[in-house]
Amino acid sequence: MADTIIDIKGLCKVFGEGDKAVHALSDVDLQIERGEIFGLIGLSGAGKSTLVRCVNLLERPSSGSVCVLGHELTAMSEAELRIMRRRIGMIFQQFNLLAQRTALENVMFPLLIAKTPKREAREKASKLLALVDVADKASAYPAQLSGGQKQRVAIARALAADPEILLCDEATSALDPANTASVLKLLSELNRKLGVTIVVITHEMKVIEQICQRVAILDDSRVVELGAVEEVFRRPKSKMGRKLVLSGGERGERDSAKGCFRIVFNGEEATKPVVSELVLLTGNSVNILFADTKSIGGRVYGQMLLDLPEGAAARAQILGYLDEQGIFCEEVESDA
Amino acid sequence: MLSLEFWRMLGKGVLETLYMTLGGTLLAYILGLPMGLLLVTSAPNGVKPNKPVFMVLGTIVNMVRSVPFVILMVAVLPLSRIIFGTSLGSTAMLVPLFLGAAPFVARLVESSALEVDNGVIEAARSMGATPLQIVLRVILPEALPSLITGSAIAVTTILGYSAMSGFTGGGGIGDIAIRYGYYRYETDIMLICAALLVVIVQLMQAVGNGLSRKSDKRIR
């Protein structure tokens, strides 16, 4: 049933020449399936923005193949590419709305450049603004909108040409937490309602956790890890993966101290007082160094860092208990 | 001391100055606006890079701009004789004004167009806009407030150019200032002419700023 909508093979992108050459992407392979929300995470400079720009060929790859919706983009002429780009919407960190046009005119823009009659474009743009919940701001200029509203208008604009793919380049990085959550919710709703495939680029694991089904981790121009979000979150294999998963909150160096264990909640009963039961049953005290859990529909998701007492026996007891409860637990390696 | 006849002459001078300034500006924009946009589009990081066009255009603009206007004026007035049959009067002056100001306008337009956020241009590209659509529907409207501010600078500069026309009998306030104020040492006439030029510059600058602010949707 695998229906690959974006198929990237052996993708390389080099900026500059000779000694000054910078390898932004080295031999990247990536398959994205129709209808999924795919996450691409990495630190700044890892090459994720370049990678997403290779999907609609805003950036021409140095070598490799980019096959989107069954078409090999690298073999296309500029004119063919322009038609193709209408089937690939894109939103940006800085929204990139036309400052001198109203919200409605911004959404009409892609339709008008595709020669849609004005009246038709206006009707469609109004519907899209209603879909993203900013219908009342149709005649406002971007300067009069909040960040969240601007990104909603940008999403409506990106969807105007009925794209099959929506690329999101750090779409929530300029937003506050409340707006980030609501924009992410909107994106997953649109994915469900319209069936649009979404590629999310971010440097925040939270964003990935919240809406993505699969994730690729990019480090130093390469894909170092790829898999289901749950799996990667639970058991990150690469060094960068560990770093990203563990940096879910603001914490200092002590994480990498010895005797530190990470326990992962992945849909357990929220009402069960796991940690206090652990303490009571095993008679060992633990120190919670960090906790980032949330309960969704009565189940807990998230992780906790525990500082366990020294002594192999006590540890074995605790680990045994967690294992009994079906809670994933691993010792955090010090990689400092 | 200053007769009715003088005031009549001054009135005609003001009209001639306005005619030369506004006419010259209009002509300069007809050539300078596309030139400026072409400079931006053909630049190495423009929407349609074209090195030869960029280099040649840039060199021509720099060459013309490095010639002092008085010299350019004298050099191209023979062209006016071919076109208008005379090298005297305000209409004849339109030719040097047009040629002298167009490259200046091109640079003004270029700098306004460069102010347009690259991200917005990238967004337009991601929607499948052609380079021409990007220029006409993104760069021009987004740069409009800055283009208007630039045109106020162009108008006042061209007004200054037109005042040099006195040396070649081109008419206008500058002509009166040179003939009466400079050649005949009539200081009061010189002062009146200078004051008039100041008032006109102030008015045009104020109108330009006002229009620019009114057109800008970013502030409000």
# chains A, B, ... in the order shown; residues from 1 in each chain; ligands from 1
>>> residues_around(residues="region 99-114 of chain B", least_positions_apart="4", cutoff="8 Å", atoms="only C-alpha atoms", output="MDAnalysis selection string")
chainID B and resid 24:25 27:29 31:37 39:40 61:62 64:65 69 72:73 95 139:140 143 146:147 150:151 154 158
>>> residues_around(residues="Val279 (chain A)", least_positions_apart="4", cutoff="12 Å", atoms="only C-alpha atoms", output="PyMOL selection string")
chain A and resi 273-275+283-288+306+308-309+314-315+317-319+321-322
>>> write_last_selection(atoms="N, CA and C atoms", output="PDB file, in the first residue's frame")
ATOM      1  N   PRO A 273      -0.067   6.086  39.958  1.00  0.00           N
ATOM      2  CA  PRO A 273       1.052   6.879  40.507  1.00  0.00           C
ATOM      3  C   PRO A 273       2.351   6.083  40.453  1.00  0.00           C
ATOM      4  N   VAL A 274       2.925   5.986  39.274  1.00  0.00           N
ATOM      5  CA  VAL A 274       4.071   5.117  39.046  1.00  0.00           C
ATOM      6  C   VAL A 274       5.252   5.394  39.970  1.00  0.00           C
ATOM      7  N   VAL A 275       5.650   6.649  40.049  1.00  0.00           N
ATOM      8  CA  VAL A 275       6.870   6.953  40.791  1.00  0.00           C
ATOM      9  C   VAL A 275       6.697   6.708  42.293  1.00  0.00           C
ATOM     10  N   GLY A 283      11.162   0.635  48.383  1.00  0.00           N
ATOM     11  CA  GLY A 283      11.794   1.230  49.553  1.00  0.00           C
ATOM     12  C   GLY A 283      13.010   2.073  49.215  1.00  0.00           C
ATOM     13  N   ASN A 284      13.171   2.393  47.968  1.00  0.00           N
ATOM     14  CA  ASN A 284      14.295   3.249  47.568  1.00  0.00           C
ATOM     15  C   ASN A 284      13.769   4.629  47.191  1.00  0.00           C
ATOM     16  N   SER A 285      14.503   5.648  47.541  1.00  0.00           N
ATOM     17  CA  SER A 285      14.067   6.981  47.129  1.00  0.00           C
ATOM     18  C   SER A 285      14.740   7.323  45.794  1.00  0.00           C
ATOM     19  N   VAL A 286      14.011   8.028  44.980  1.00  0.00           N
ATOM     20  CA  VAL A 286      14.591   8.475  43.708  1.00  0.00           C
ATOM     21  C   VAL A 286      14.474   9.986  43.632  1.00  0.00           C
ATOM     22  N   ASN A 287      15.306  10.534  42.825  1.00  0.00           N
ATOM     23  CA  ASN A 287      15.302  11.982  42.645  1.00  0.00           C
ATOM     24  C   ASN A 287      14.865  12.278  41.216  1.00  0.00           C
ATOM     25  N   ILE A 288      13.777  13.050  41.071  1.00  0.00           N
ATOM     26  CA  ILE A 288      13.325  13.382  39.718  1.00  0.00           C
ATOM     27  C   ILE A 288      14.100  14.601  39.225  1.00  0.00           C
ATOM     28  N   LEU A 306      15.325  10.147  36.063  1.00  0.00           N
ATOM     29  CA  LEU A 306      15.421   9.835  37.484  1.00  0.00           C
ATOM     30  C   LEU A 306      16.869   9.595  37.888  1.00  0.00           C
ATOM     31  N   LEU A 308      18.787   7.507  40.240  1.00  0.00           N
ATOM     32  CA  LEU A 308      18.551   6.343  41.093  1.00  0.00           C
ATOM     33  C   LEU A 308      19.683   6.170  42.107  1.00  0.00           C
ATOM     34  N   PRO A 309      19.343   5.573  43.231  1.00  0.00           N
ATOM     35  CA  PRO A 309      20.383   5.379  44.260  1.00  0.00           C
ATOM     36  C   PRO A 309      21.485   4.462  43.760  1.00  0.00           C
ATOM     37  N   ALA A 314      19.561  -2.324  44.579  1.00  0.00           N
ATOM     38  CA  ALA A 314      18.466  -1.353  44.586  1.00  0.00           C
ATOM     39  C   ALA A 314      18.051  -1.021  43.159  1.00  0.00           C
ATOM     40  N   ARG A 315      19.040  -0.870  42.325  1.00  0.00           N
ATOM     41  CA  ARG A 315      18.756  -0.518  40.932  1.00  0.00           C
ATOM     42  C   ARG A 315      17.985  -1.614  40.229  1.00  0.00           C
ATOM     43  N   GLN A 317      16.107  -3.776  41.500  1.00  0.00           N
ATOM     44  CA  GLN A 317      14.763  -3.810  42.035  1.00  0.00           C
ATOM     45  C   GLN A 317      13.878  -2.784  41.321  1.00  0.00           C
ATOM     46  N   ILE A 318      14.425  -1.605  41.201  1.00  0.00           N
ATOM     47  CA  ILE A 318      13.672  -0.518  40.570  1.00  0.00           C
ATOM     48  C   ILE A 318      13.411  -0.828  39.103  1.00  0.00           C
ATOM     49  N   LEU A 319      14.437  -1.274  38.419  1.00  0.00           N
ATOM     50  CA  LEU A 319      14.286  -1.569  36.998  1.00  0.00           C
ATOM     51  C   LEU A 319      13.303  -2.706  36.796  1.00  0.00           C
ATOM     52  N   TYR A 321      10.790  -3.369  38.709  1.00  0.00           N
ATOM     53  CA  TYR A 321       9.442  -2.836  38.905  1.00  0.00           C
ATOM     54  C   TYR A 321       8.939  -2.144  37.634  1.00  0.00           C
ATOM     55  N   LEU A 322       9.797  -1.305  37.060  1.00  0.00           N
ATOM     56  CA  LEU A 322       9.399  -0.552  35.863  1.00  0.00           C
ATOM     57  C   LEU A 322       9.087  -1.504  34.721  1.00  0.00           C
TER      58      LEU A 322
END
>>> residues_around(residues="region 42-49 of chain B", least_positions_apart="4", cutoff="9 Å", atoms="only C-alpha atoms", output="PDB file with N, CA and C atoms, in the first residue's frame")
ATOM      1  N   LEU B  37      14.527  47.862 -12.704  1.00  0.00           N
ATOM      2  CA  LEU B  37      13.974  46.523 -12.455  1.00  0.00           C
ATOM      3  C   LEU B  37      14.815  45.450 -13.131  1.00  0.00           C
ATOM      4  N   LEU B  38      15.318  45.787 -14.327  1.00  0.00           N
ATOM      5  CA  LEU B  38      16.167  44.841 -15.055  1.00  0.00           C
ATOM      6  C   LEU B  38      17.476  44.616 -14.297  1.00  0.00           C
ATOM      7  N   VAL B  53      23.764  41.109 -19.244  1.00  0.00           N
ATOM      8  CA  VAL B  53      22.805  42.217 -19.127  1.00  0.00           C
ATOM      9  C   VAL B  53      23.142  43.076 -17.910  1.00  0.00           C
ATOM     10  N   PHE B  54      23.392  42.409 -16.790  1.00  0.00           N
ATOM     11  CA  PHE B  54      23.670  43.106 -15.541  1.00  0.00           C
ATOM     12  C   PHE B  54      24.916  43.980 -15.661  1.00  0.00           C
ATOM     13  N   MET B  55      25.981  43.406 -16.245  1.00  0.00           N
ATOM     14  CA  MET B  55      27.240  44.137 -16.378  1.00  0.00           C
ATOM     15  C   MET B  55      27.104  45.329 -17.327  1.00  0.00           C
ATOM     16  N   ILE B 121       9.737  36.907  -2.057  1.00  0.00           N
ATOM     17  CA  ILE B 121      10.028  36.501  -3.433  1.00  0.00           C
ATOM     18  C   ILE B 121      10.146  34.976  -3.504  1.00  0.00           C
ATOM     19  N   ARG B 125       8.000  32.294  -5.684  1.00  0.00           N
ATOM     20  CA  ARG B 125       8.608  31.240  -6.521  1.00  0.00           C
ATOM     21  C   ARG B 125       8.018  29.889  -6.161  1.00  0.00           C
ATOM     22  N   THR B 130       6.169  33.206 -12.409  1.00  0.00           N
ATOM     23  CA  THR B 130       7.242  33.417 -13.382  1.00  0.00           C
ATOM     24  C   THR B 130       8.050  34.641 -12.956  1.00  0.00           C
ATOM     25  N   PRO B 131       9.272  34.783 -13.473  1.00  0.00           N
ATOM     26  CA  PRO B 131      10.058  35.974 -13.126  1.00  0.00           C
ATOM     27  C   PRO B 131       9.302  37.272 -13.422  1.00  0.00           C
ATOM     28  N   LEU B 132       8.588  37.306 -14.547  1.00  0.00           N
ATOM     29  CA  LEU B 132       7.838  38.521 -14.889  1.00  0.00           C
ATOM     30  C   LEU B 132       6.726  38.779 -13.866  1.00  0.00           C
ATOM     31  N   ILE B 134       6.773  37.842 -10.805  1.00  0.00           N
ATOM     32  CA  ILE B 134       7.412  38.255  -9.563  1.00  0.00           C
ATOM     33  C   ILE B 134       7.734  39.746  -9.616  1.00  0.00           C
ATOM     34  N   VAL B 135       8.229  40.209 -10.761  1.00  0.00           N
ATOM     35  CA  VAL B 135       8.566  41.631 -10.882  1.00  0.00           C
ATOM     36  C   VAL B 135       7.295  42.491 -10.809  1.00  0.00           C
TER      37      VAL B 135
END
>>> residues_around(residues="region 1-13 of chain A", least_positions_apart="6", cutoff="6 Å", atoms="only C-alpha atoms", output="ChimeraX atom specification")
/A:24-34,61-69
>>> interface_residues(of="chain A", to="chain B", cutoff="7 Å", atoms="only C-alpha atoms", output="PyMOL selection string")
chain A and resi 58+82-83+85-86+89-90+96-100+110+113+141+143
>>> select_by_dssp(residues="region 104-252 of chain A", states="helix (DSSP H, G or I)", output="VMD selection string")
chain A and resid 104 to 113 118 to 131 135 to 137 142 to 144 147 to 159 177 to 194 205 to 211 229 to 234 239 to 246
>>> closest_residue(among="A:His71, A:Arg262, A:Lys272, A:Arg152", to="Asp133 (chain A)", atoms="only C-alpha atoms")
A:Arg152
>>> residues_around(residues="Tyr182 (chain B)", least_positions_apart="5", cutoff="12 Å", atoms="only C-alpha atoms", output="PyMOL selection string")
chain B and resi 166-167+174-177+187-191+193-194
>>> atom_distance(atom1="CA of Val67 (chain B)", atom2="CA of Pro96 (chain B)")
11.9 Å
>>> select_by_dssp(residues="region 79-283 of chain A", states="strand (DSSP E or B)", output="number ranges by chain")
A: 88-92, 165-169, 197-202, 214-219, 222-228, 260-269
>>> residues_around(residues="Gly169 (chain B)", least_positions_apart="5", cutoff="9 Å", atoms="only C-alpha atoms", output="PyMOL selection string")
chain B and resi 87-90+175
>>> write_last_selection(atoms="C-alpha atoms", output="compact mmCIF listing (two decimals), in the first residue's frame")
# COMPACT_ATOMS: atom_id res chain seq x y z
CA SER B 87 18.09 73.69 -28.75
CA LEU B 88 16.48 76.64 -26.95
CA GLY B 89 13.52 76.62 -24.57
CA SER B 90 12.08 74.22 -22.05
CA ASP B 175 17.22 80.85 -16.48
